[in-house]
Amino acid sequence: GRVIFSGIQPTGIPHLGNYLGALREWVRIQNTASEQDKLLFSVVDMHAITVKQDSADLRRYRREMMASLLAVGLDPLKSLVFTQGKVHQHAELMWILSCTASMGYLSRMTQWKSKMGLGTDASPFESTADPKSREALKLGLFSYPVLQAADILLYGTTHVPVGEDQAQHLEFTRQLALGFNAAYGRTILTPPETILAPAKRVMSLTDPTKKMSKSDENPNSRILITDSKSDIEMKIMKKALTDSIEGVTYDRQARPGVSNLIDIMYYMDESVAASPEELAKDMANVSMRALKEKVAETVNRTLEPIRTRYNLIMKDEQRRPFLQDHNEVAASAAKSIAKKRLRNINSVIGMGTLQ
Ligand code: TYM
């Protein structure tokens, strides 16, 4: 059987990029999995604290993310859906992996640079680097990819469904696994395969040359999976940036805004055409306003059942909190898999038992 693992940070309600690039794929994988497959999906709260979080907000975000994962269709009877921090083995394996992870490799990773607003060639080592930014770079943010590798390797994961922005972390994970195996002369860690969704990079509505992101300070740049019909209409009709070229064509380079809307419409409901290119051809003579109306209508139609389920879950949760209990059960099942693997890993490196 396969082992599928993926994670999402609890930093707000998921947006269309998270949904199309990751969450919907998780649900598809779950619903076509065989009895032998193991499925684990985690709310990675330990990753979220690599940047400053308000504690009350973080607690709410964690709860909202658990509710969102159930609302999109993850089923606790088929998948383990749990918060990462409940399974301490993630932190233990991270330490072990830290001892073979290369600072040089980590310094080339782009995420800490973008979170700190630094250019892609920034280095934490250069003496010419701004000393203030060296103080500001926290160890946890720098070693973020090692924790991500631990998440994956802890369960013997064979496949990781993610959006394109995670490809670099997945490559790091594979290299770390192979390096570890070579160092101990044993095939103990499994290098995982990346599964990229067809909609692997959904772009911002307001700046379609950037990816849609939870951390963009403009909330109109993204559609949340719980947005109301009128929010969806407002963001697409009034805020989405397009261009003044006549008619509709699909060209992600030359017409990023229009192409992103076509992509969003196509991937939200693949029954509308055979491909984004075909959809654009069908709409060739349509006005920008009419295109936007169709996109908003398709997005709303697809999100409506998710929004309804989310609201029901939150209402139930208010009457009788159940997300907490659910998390305990899933985390303890994940923990029992994790414990076994860590016992093996510890034994290979000479840790654990004294015998
Ligand atoms: P996060 O929380 O930023 O995003 C969750 C998932 O959503 C995908 N995604 C997108 N896909 C397409 N278009 C977009 N605009 C877009 N924005 C986000 C991401 O690729 C991701 O799949 N480091 C990870 C969380 C993580 C993880 C893991 C993932 C921690 N441990 C182990 C996989 C395996 C992250 O920050 O995702």
# chains A, B, ... in the order shown; residues from 1 in each chain; ligands from 1
>>> residues_around(residues="region 250-266 of chain A", least_positions_apart="5", cutoff="6 Å", atoms="only C-alpha atoms", output="mmCIF file with C-alpha atoms, in the first residue's frame")
data_model
loop_
_atom_site.group_PDB
_atom_site.id
_atom_site.type_symbol
_atom_site.label_atom_id
_atom_site.label_comp_id
_atom_site.auth_asym_id
_atom_site.auth_seq_id
_atom_site.Cartn_x
_atom_site.Cartn_y
_atom_site.Cartn_z
ATOM 1 C CA PRO A 208 -1.720 37.658 -11.295
ATOM 2 C CA LEU A 241 -7.079 42.476 -12.510
ATOM 3 C CA THR A 242 -7.400 41.690 -16.228
ATOM 4 C CA PRO A 276 -8.343 25.758 -20.123
ATOM 5 C CA GLU A 277 -7.318 26.410 -23.757
ATOM 6 C CA ALA A 280 -10.843 30.172 -23.671
ATOM 7 C CA VAL A 295 -16.163 32.624 -13.380
#
>>> closest_atom_pairs(of="chain A", to="ligand 1", cutoff="9 Å", atoms="only C-alpha atoms and all ligand atoms", output="Markdown table")
| residue | atom | partner | partner_atom_place_in_ligand_line | distance |
| --- | --- | --- | --- | --- |
| A:Phe5 | CA | ligand 1 | 34 (C) | 6.1 |
| A:Ser6 | CA | ligand 1 | 33 (C) | 3.9 |
| A:Gly7 | CA | ligand 1 | 27 (C) | 3.9 |
| A:Ile8 | CA | ligand 1 | 2 (O) | 3.7 |
| A:Gln9 | CA | ligand 1 | 2 (O) | 3.8 |
| A:Pro10 | CA | ligand 1 | 2 (O) | 6.9 |
| A:Thr11 | CA | ligand 1 | 2 (O) | 7.4 |
| A:Pro14 | CA | ligand 1 | 5 (C) | 8.0 |
| A:His15 | CA | ligand 1 | 17 (N) | 7.7 |
| A:Leu16 | CA | ligand 1 | 14 (C) | 7.4 |
| A:Gly17 | CA | ligand 1 | 14 (C) | 3.6 |
| A:Asn18 | CA | ligand 1 | 7 (O) | 3.6 |
| A:Tyr19 | CA | ligand 1 | 7 (O) | 6.8 |
| A:Leu20 | CA | ligand 1 | 12 (C) | 6.2 |
| A:Gly21 | CA | ligand 1 | 11 (N) | 3.6 |
| A:Ala22 | CA | ligand 1 | 22 (O) | 4.8 |
| A:Leu23 | CA | ligand 1 | 7 (O) | 7.2 |
| A:Phe41 | CA | ligand 1 | 34 (C) | 8.6 |
| A:Ser42 | CA | ligand 1 | 31 (N) | 7.7 |
| A:Val43 | CA | ligand 1 | 30 (C) | 8.1 |
| A:Val44 | CA | ligand 1 | 30 (C) | 5.6 |
| A:Asp45 | CA | ligand 1 | 30 (C) | 8.8 |
| A:Met46 | CA | ligand 1 | 30 (C) | 8.7 |
| A:His47 | CA | ligand 1 | 30 (C) | 6.4 |
| A:Ala48 | CA | ligand 1 | 36 (O) | 8.1 |
| A:Gln84 | CA | ligand 1 | 31 (N) | 8.8 |
| A:Gln111 | CA | ligand 1 | 23 (N) | 9.0 |
| A:Tyr144 | CA | ligand 1 | 23 (N) | 7.9 |
| A:Pro145 | CA | ligand 1 | 23 (N) | 7.4 |
| A:Leu147 | CA | ligand 1 | 31 (N) | 6.9 |
| A:Gln148 | CA | ligand 1 | 31 (N) | 4.0 |
| A:Ala149 | CA | ligand 1 | 32 (C) | 6.7 |
| A:Ala150 | CA | ligand 1 | 32 (C) | 8.0 |
| A:Asp151 | CA | ligand 1 | 32 (C) | 5.4 |
| A:Ile152 | CA | ligand 1 | 32 (C) | 5.4 |
| A:Val160 | CA | ligand 1 | 34 (C) | 6.0 |
| A:Pro161 | CA | ligand 1 | 22 (O) | 6.6 |
| A:Val162 | CA | ligand 1 | 22 (O) | 3.3 |
| A:Gly163 | CA | ligand 1 | 20 (O) | 3.1 |
| A:Glu164 | CA | ligand 1 | 20 (O) | 5.4 |
| A:Asp165 | CA | ligand 1 | 20 (O) | 4.9 |
| A:Gln166 | CA | ligand 1 | 20 (O) | 4.9 |
| A:Ala167 | CA | ligand 1 | 20 (O) | 7.9 |
| A:His169 | CA | ligand 1 | 23 (N) | 7.5 |
| A:Leu170 | CA | ligand 1 | 34 (C) | 7.6 |
| A:Leu196 | CA | ligand 1 | 20 (O) | 8.6 |
| A:Ala197 | CA | ligand 1 | 12 (C) | 7.9 |
| A:Ala199 | CA | ligand 1 | 12 (C) | 6.2 |
| A:Lys200 | CA | ligand 1 | 12 (C) | 4.5 |
| A:Arg201 | CA | ligand 1 | 13 (N) | 3.5 |
| A:Val202 | CA | ligand 1 | 13 (N) | 3.8 |
| A:Met203 | CA | ligand 1 | 15 (N) | 5.4 |
| A:Ser204 | CA | ligand 1 | 15 (N) | 7.2 |
| A:Lys210 | CA | ligand 1 | 15 (N) | 8.2 |
| A:Lys211 | CA | ligand 1 | 15 (N) | 4.5 |
| A:Met212 | CA | ligand 1 | 15 (N) | 3.9 |
| A:Ser213 | CA | ligand 1 | 17 (N) | 5.5 |
| A:Lys214 | CA | ligand 1 | 3 (O) | 7.5 |
| A:Arg222 | CA | ligand 1 | 15 (N) | 9.0 |
>>> write_last_selection(atoms="C-alpha atoms", output="PDB file, in the first residue's frame")
ATOM      1  CA  PHE A   5       1.053  12.477   3.837  1.00  0.00           C
ATOM      2  CA  SER A   6       0.494  16.178   3.396  1.00  0.00           C
ATOM      3  CA  GLY A   7       0.164  19.254   5.581  1.00  0.00           C
ATOM      4  CA  ILE A   8      -1.255  22.748   5.645  1.00  0.00           C
ATOM      5  CA  GLN A   9      -0.391  25.638   7.954  1.00  0.00           C
ATOM      6  CA  PRO A  10      -3.174  26.989  10.169  1.00  0.00           C
ATOM      7  CA  THR A  11      -2.755  30.610   9.130  1.00  0.00           C
ATOM      8  CA  PRO A  14      -7.809  28.015   3.014  1.00  0.00           C
ATOM      9  CA  HIS A  15      -8.027  29.914  -0.285  1.00  0.00           C
ATOM     10  CA  LEU A  16      -8.632  28.687  -3.843  1.00  0.00           C
ATOM     11  CA  GLY A  17      -4.898  28.001  -4.323  1.00  0.00           C
ATOM     12  CA  ASN A  18      -4.825  25.735  -1.275  1.00  0.00           C
ATOM     13  CA  TYR A  19      -8.046  24.107  -2.408  1.00  0.00           C
ATOM     14  CA  LEU A  20      -7.176  23.467  -6.065  1.00  0.00           C
ATOM     15  CA  GLY A  21      -3.449  22.853  -5.491  1.00  0.00           C
ATOM     16  CA  ALA A  22      -3.815  20.614  -2.460  1.00  0.00           C
ATOM     17  CA  LEU A  23      -7.043  20.004  -0.503  1.00  0.00           C
ATOM     18  CA  PHE A  41      -3.276  14.962   6.641  1.00  0.00           C
ATOM     19  CA  SER A  42      -1.920  17.333   9.215  1.00  0.00           C
ATOM     20  CA  VAL A  43      -2.593  20.863  10.410  1.00  0.00           C
ATOM     21  CA  VAL A  44       1.050  21.850  10.801  1.00  0.00           C
ATOM     22  CA  ASP A  45       0.872  24.181  13.783  1.00  0.00           C
ATOM     23  CA  MET A  46       4.565  23.753  14.652  1.00  0.00           C
ATOM     24  CA  HIS A  47       5.367  25.230  11.240  1.00  0.00           C
ATOM     25  CA  ALA A  48       2.974  28.134  11.814  1.00  0.00           C
ATOM     26  CA  GLN A  84       1.096  18.123  14.115  1.00  0.00           C
ATOM     27  CA  GLN A 111      11.001  30.274   1.775  1.00  0.00           C
ATOM     28  CA  TYR A 144      11.559  24.834   8.612  1.00  0.00           C
ATOM     29  CA  PRO A 145      12.290  22.373   5.746  1.00  0.00           C
ATOM     30  CA  LEU A 147      10.636  19.771  10.204  1.00  0.00           C
ATOM     31  CA  GLN A 148       8.726  19.316   6.955  1.00  0.00           C
ATOM     32  CA  ALA A 149      11.054  16.441   6.008  1.00  0.00           C
ATOM     33  CA  ALA A 150      10.454  14.909   9.457  1.00  0.00           C
ATOM     34  CA  ASP A 151       6.655  15.134   8.932  1.00  0.00           C
ATOM     35  CA  ILE A 152       6.995  13.149   5.740  1.00  0.00           C
ATOM     36  CA  VAL A 160       3.064  13.808  -1.012  1.00  0.00           C
ATOM     37  CA  PRO A 161       0.297  15.787  -2.777  1.00  0.00           C
ATOM     38  CA  VAL A 162       1.210  19.515  -2.785  1.00  0.00           C
ATOM     39  CA  GLY A 163       1.160  22.673  -4.892  1.00  0.00           C
ATOM     40  CA  GLU A 164       4.172  23.696  -6.941  1.00  0.00           C
ATOM     41  CA  ASP A 165       5.567  26.035  -4.276  1.00  0.00           C
ATOM     42  CA  GLN A 166       6.416  22.983  -2.134  1.00  0.00           C
ATOM     43  CA  ALA A 167       8.451  21.181  -4.814  1.00  0.00           C
ATOM     44  CA  HIS A 169      10.975  21.270   0.057  1.00  0.00           C
ATOM     45  CA  LEU A 170      10.116  17.862  -1.336  1.00  0.00           C
ATOM     46  CA  LEU A 196       1.392  17.875  -8.239  1.00  0.00           C
ATOM     47  CA  ALA A 197      -2.237  18.850  -8.825  1.00  0.00           C
ATOM     48  CA  ALA A 199      -3.872  23.440 -10.849  1.00  0.00           C
ATOM     49  CA  LYS A 200      -0.467  23.523  -9.211  1.00  0.00           C
ATOM     50  CA  ARG A 201      -0.101  27.323  -9.123  1.00  0.00           C
ATOM     51  CA  VAL A 202      -3.199  29.489  -8.738  1.00  0.00           C
ATOM     52  CA  MET A 203      -2.344  33.175  -9.066  1.00  0.00           C
ATOM     53  CA  SER A 204      -3.393  36.237  -7.050  1.00  0.00           C
ATOM     54  CA  LYS A 210       2.265  36.370  -8.009  1.00  0.00           C
ATOM     55  CA  LYS A 211       0.810  33.177  -6.533  1.00  0.00           C
ATOM     56  CA  MET A 212      -2.372  33.418  -4.480  1.00  0.00           C
ATOM     57  CA  SER A 213      -1.179  33.488  -0.879  1.00  0.00           C
ATOM     58  CA  LYS A 214      -2.539  33.578   2.673  1.00  0.00           C
ATOM     59  CA  ARG A 222      -7.670  35.638  -2.722  1.00  0.00           C
TER      60      ARG A 222
END
>>> closest_atom_pairs(of="region 61-105 of chain A", to="region 174-188 of chain A", cutoff="9 Å", atoms="only C-alpha atoms", output="Markdown table")
| residue | atom | partner | partner_atom | distance |
| --- | --- | --- | --- | --- |
| A:Leu97 | CA | A:Leu176 | CA | 7.6 |
| A:Thr100 | CA | A:Phe180 | CA | 6.8 |
| A:Ala101 | CA | A:Leu176 | CA | 6.5 |
| A:Ser102 | CA | A:Leu176 | CA | 8.7 |
>>> write_last_selection(atoms="N, CA and C atoms", output="mmCIF file, in the first residue's frame")
data_model
loop_
_atom_site.group_PDB
_atom_site.id
_atom_site.type_symbol
_atom_site.label_atom_id
_atom_site.label_comp_id
_atom_site.auth_asym_id
_atom_site.auth_seq_id
_atom_site.Cartn_x
_atom_site.Cartn_y
_atom_site.Cartn_z
ATOM 1 N N LEU A 97 17.193 14.435 12.154
ATOM 2 C CA LEU A 97 17.500 14.863 10.780
ATOM 3 C C LEU A 97 18.353 16.127 10.766
ATOM 4 N N THR A 100 22.003 15.668 10.234
ATOM 5 C CA THR A 100 22.613 15.379 8.925
ATOM 6 C C THR A 100 22.212 16.415 7.872
ATOM 7 N N ALA A 101 21.348 17.372 8.231
ATOM 8 C CA ALA A 101 20.906 18.389 7.257
ATOM 9 C C ALA A 101 22.006 19.431 7.065
ATOM 10 N N SER A 102 22.201 19.833 5.810
ATOM 11 C CA SER A 102 23.279 20.771 5.504
ATOM 12 C C SER A 102 22.815 22.221 5.599
#
>>> closest_residue(among="A:Ile225, A:Leu291, A:Ile236, A:Met351", to="Asn311 (chain A)", atoms="only C-alpha atoms")
A:Ile225
>>> closest_residue(among="A:Ala290, A:Met268, A:Leu93, A:Val146", to="Arg343 (chain A)", atoms="only C-alpha atoms")
A:Leu93
>>> closest_residue(among="A:His88, A:Lys315, A:Arg24, A:Lys235", to="Glu64 (chain A)", atoms="only C-alpha atoms")
A:Lys315
>>> residues_around(residues="Asp269 (chain A)", least_positions_apart="5", cutoff="9 Å", atoms="only C-alpha atoms", output="list of chain:residue names")
A:Ile264, A:Thr298, A:Val299, A:Thr302
>>> write_last_selection(atoms="all heavy atoms", output="PDB file, in the first residue's frame")
ATOM      1  N   ILE A 264      -9.041  29.168 -13.143  1.00  0.00           N
ATOM      2  CA  ILE A 264      -9.882  28.990 -11.953  1.00  0.00           C
ATOM      3  C   ILE A 264     -11.228  28.394 -12.351  1.00  0.00           C
ATOM      4  O   ILE A 264     -11.690  27.406 -11.778  1.00  0.00           O
ATOM      5  CB  ILE A 264     -10.063  30.329 -11.193  1.00  0.00           C
ATOM      6  CG1 ILE A 264      -8.745  30.706 -10.498  1.00  0.00           C
ATOM      7  CG2 ILE A 264     -11.202  30.233 -10.174  1.00  0.00           C
ATOM      8  CD1 ILE A 264      -8.747  32.069  -9.819  1.00  0.00           C
ATOM      9  N   THR A 298     -19.338  29.987 -11.404  1.00  0.00           N
ATOM     10  CA  THR A 298     -18.756  28.641 -11.276  1.00  0.00           C
ATOM     11  C   THR A 298     -18.085  28.467  -9.910  1.00  0.00           C
ATOM     12  O   THR A 298     -18.228  27.427  -9.263  1.00  0.00           O
ATOM     13  CB  THR A 298     -17.718  28.395 -12.399  1.00  0.00           C
ATOM     14  OG1 THR A 298     -18.337  28.665 -13.650  1.00  0.00           O
ATOM     15  CG2 THR A 298     -17.205  26.971 -12.371  1.00  0.00           C
ATOM     16  N   VAL A 299     -17.349  29.493  -9.484  1.00  0.00           N
ATOM     17  CA  VAL A 299     -16.668  29.412  -8.189  1.00  0.00           C
ATOM     18  C   VAL A 299     -17.713  29.278  -7.079  1.00  0.00           C
ATOM     19  O   VAL A 299     -17.610  28.419  -6.201  1.00  0.00           O
ATOM     20  CB  VAL A 299     -15.768  30.646  -7.959  1.00  0.00           C
ATOM     21  CG1 VAL A 299     -15.272  30.694  -6.515  1.00  0.00           C
ATOM     22  CG2 VAL A 299     -14.596  30.638  -8.933  1.00  0.00           C
ATOM     23  N   THR A 302     -19.365  25.804  -6.934  1.00  0.00           N
ATOM     24  CA  THR A 302     -18.498  24.749  -6.422  1.00  0.00           C
ATOM     25  C   THR A 302     -18.231  24.906  -4.922  1.00  0.00           C
ATOM     26  O   THR A 302     -18.118  23.921  -4.197  1.00  0.00           O
ATOM     27  CB  THR A 302     -17.165  24.737  -7.200  1.00  0.00           C
ATOM     28  OG1 THR A 302     -17.465  24.782  -8.590  1.00  0.00           O
ATOM     29  CG2 THR A 302     -16.358  23.499  -6.889  1.00  0.00           C
TER      30      THR A 302
END
>>> select_by_dssp(residues="region 70-305 of chain A", states="strand (DSSP E)", output="number ranges by chain")
A: 80-83, 159-162, 193-196
>>> closest_residue(among="A:Ser228, A:Ser133, A:Ser68, A:Ser34", to="Gly117 (chain A)", atoms="only C-alpha atoms")
A:Ser133
>>> atom_distance(atom1="CA of Tyr155 (chain A)", atom2="CA of Pro191 (chain A)")
11.3 Å
>>> closest_residue(among="A:Gln89, A:Ser244, A:Gln30, A:Asn327", to="Leu342 (chain A)", atoms="only C-alpha atoms")
A:Gln89
>>> select_by_dssp(residues="region 240-329 of chain A", states="alpha helix (DSSP H)", output="PyMOL selection string")
chain A and resi 256-268+276-282+288-319+323-329
>>> residues_around(residues="Lys38 (chain A)", least_positions_apart="6", cutoff="12 Å", atoms="only C-alpha atoms", output="JSON, numbers by chain")
{"A": [1, 2, 3, 4, 5, 6, 29, 30, 77, 78, 79, 80, 81, 155, 156, 157, 158, 159, 160, 333, 334, 337]}
>>> write_last_selection(atoms="N, CA, C and O atoms", output="mmCIF file, in the first residue's frame")
data_model
loop_
_atom_site.group_PDB
_atom_site.id
_atom_site.type_symbol
_atom_site.label_atom_id
_atom_site.label_comp_id
_atom_site.auth_asym_id
_atom_site.auth_seq_id
_atom_site.Cartn_x
_atom_site.Cartn_y
_atom_site.Cartn_z
ATOM 1 N N GLY A 1 0.823 -1.221 0.000
ATOM 2 C CA GLY A 1 0.000 0.000 0.000
ATOM 3 C C GLY A 1 0.851 1.262 0.000
ATOM 4 O O GLY A 1 2.027 1.225 0.364
ATOM 5 N N ARG A 2 0.227 2.346 -0.426
ATOM 6 C CA ARG A 2 0.938 3.622 -0.416
ATOM 7 C C ARG A 2 0.739 4.298 0.941
ATOM 8 O O ARG A 2 -0.212 4.005 1.650
ATOM 9 N N VAL A 3 1.662 5.193 1.275
ATOM 10 C CA VAL A 3 1.445 6.068 2.426
ATOM 11 C C VAL A 3 1.423 7.497 1.900
ATOM 12 O O VAL A 3 2.383 7.953 1.276
ATOM 13 N N ILE A 4 0.278 8.161 2.098
ATOM 14 C CA ILE A 4 0.109 9.540 1.625
ATOM 15 C C ILE A 4 0.173 10.460 2.830
ATOM 16 O O ILE A 4 -0.550 10.254 3.811
ATOM 17 N N PHE A 5 1.041 11.460 2.773
ATOM 18 C CA PHE A 5 1.053 12.477 3.837
ATOM 19 C C PHE A 5 1.066 13.843 3.202
ATOM 20 O O PHE A 5 1.761 14.075 2.203
ATOM 21 N N SER A 6 0.300 14.785 3.759
ATOM 22 C CA SER A 6 0.494 16.178 3.396
ATOM 23 C C SER A 6 0.068 17.066 4.561
ATOM 24 O O SER A 6 -0.569 16.602 5.502
ATOM 25 N N ILE A 29 -7.691 11.722 -3.681
ATOM 26 C CA ILE A 29 -6.835 10.582 -3.360
ATOM 27 C C ILE A 29 -7.522 9.697 -2.321
ATOM 28 O O ILE A 29 -7.573 8.473 -2.454
ATOM 29 N N GLN A 30 -8.086 10.347 -1.296
ATOM 30 C CA GLN A 30 -8.804 9.598 -0.253
ATOM 31 C C GLN A 30 -9.931 8.760 -0.864
ATOM 32 O O GLN A 30 -10.100 7.587 -0.542
ATOM 33 N N LEU A 77 -13.039 8.613 8.965
ATOM 34 C CA LEU A 77 -13.051 7.152 8.926
ATOM 35 C C LEU A 77 -12.048 6.624 7.902
ATOM 36 O O LEU A 77 -11.667 5.461 7.929
ATOM 37 N N LYS A 78 -11.623 7.493 6.982
ATOM 38 C CA LYS A 78 -10.683 7.054 5.944
ATOM 39 C C LYS A 78 -9.310 7.677 6.118
ATOM 40 O O LYS A 78 -8.298 7.098 5.693
ATOM 41 N N SER A 79 -9.251 8.886 6.657
ATOM 42 C CA SER A 79 -7.984 9.625 6.748
ATOM 43 C C SER A 79 -7.727 10.042 8.188
ATOM 44 O O SER A 79 -8.665 10.360 8.918
ATOM 45 N N LEU A 80 -6.447 10.062 8.578
ATOM 46 C CA LEU A 80 -6.100 10.633 9.876
ATOM 47 C C LEU A 80 -5.884 12.120 9.684
ATOM 48 O O LEU A 80 -4.987 12.536 8.952
ATOM 49 N N VAL A 81 -6.734 12.913 10.308
ATOM 50 C CA VAL A 81 -6.658 14.375 10.202
ATOM 51 C C VAL A 81 -6.338 14.896 11.599
ATOM 52 O O VAL A 81 -7.151 14.754 12.516
ATOM 53 N N TYR A 155 6.437 8.783 8.664
ATOM 54 C CA TYR A 155 5.406 7.773 8.400
ATOM 55 C C TYR A 155 5.778 6.849 7.246
ATOM 56 O O TYR A 155 4.944 6.094 6.782
ATOM 57 N N GLY A 156 7.023 6.942 6.767
ATOM 58 C CA GLY A 156 7.398 6.134 5.612
ATOM 59 C C GLY A 156 6.593 6.530 4.390
ATOM 60 O O GLY A 156 6.247 5.707 3.536
ATOM 61 N N THR A 157 6.298 7.834 4.288
ATOM 62 C CA THR A 157 5.437 8.352 3.221
ATOM 63 C C THR A 157 6.007 8.030 1.838
ATOM 64 O O THR A 157 7.195 8.226 1.590
ATOM 65 N N THR A 158 5.121 7.538 0.952
ATOM 66 C CA THR A 158 5.550 7.270 -0.421
ATOM 67 C C THR A 158 5.136 8.401 -1.369
ATOM 68 O O THR A 158 5.802 8.628 -2.370
ATOM 69 N N HIS A 159 4.030 9.101 -1.064
ATOM 70 C CA HIS A 159 3.515 10.143 -1.958
ATOM 71 C C HIS A 159 3.065 11.370 -1.170
ATOM 72 O O HIS A 159 2.359 11.232 -0.170
ATOM 73 N N VAL A 160 3.440 12.551 -1.677
ATOM 74 C CA VAL A 160 3.064 13.808 -1.012
ATOM 75 C C VAL A 160 2.354 14.727 -2.009
ATOM 76 O O VAL A 160 2.982 15.267 -2.915
ATOM 77 N N ALA A 333 -3.696 7.699 16.761
ATOM 78 C CA ALA A 333 -3.459 6.687 15.719
ATOM 79 C C ALA A 333 -2.179 7.022 14.944
ATOM 80 O O ALA A 333 -1.365 6.133 14.634
ATOM 81 N N ALA A 334 -1.974 8.298 14.627
ATOM 82 C CA ALA A 334 -0.757 8.713 13.929
ATOM 83 C C ALA A 334 0.461 8.422 14.808
ATOM 84 O O ALA A 334 1.491 7.926 14.339
ATOM 85 N N ILE A 337 1.821 4.846 14.668
ATOM 86 C CA ILE A 337 2.661 4.581 13.481
ATOM 87 C C ILE A 337 4.034 5.226 13.682
ATOM 88 O O ILE A 337 5.076 4.613 13.442
#
>>> atom_distance(atom1="CA of Asn220 (chain A)", atom2="CA of Ser114 (chain A)")
20.7 Å
>>> closest_residue(among="A:Val27, A:Leu189, A:Val348, A:Leu205", to="Gly73 (chain A)", atoms="only C-alpha atoms")
A:Val27
>>> atom_distance(atom1="CA of Pro305 (chain A)", atom2="CA of Asp57 (chain A)")
25.9 Å
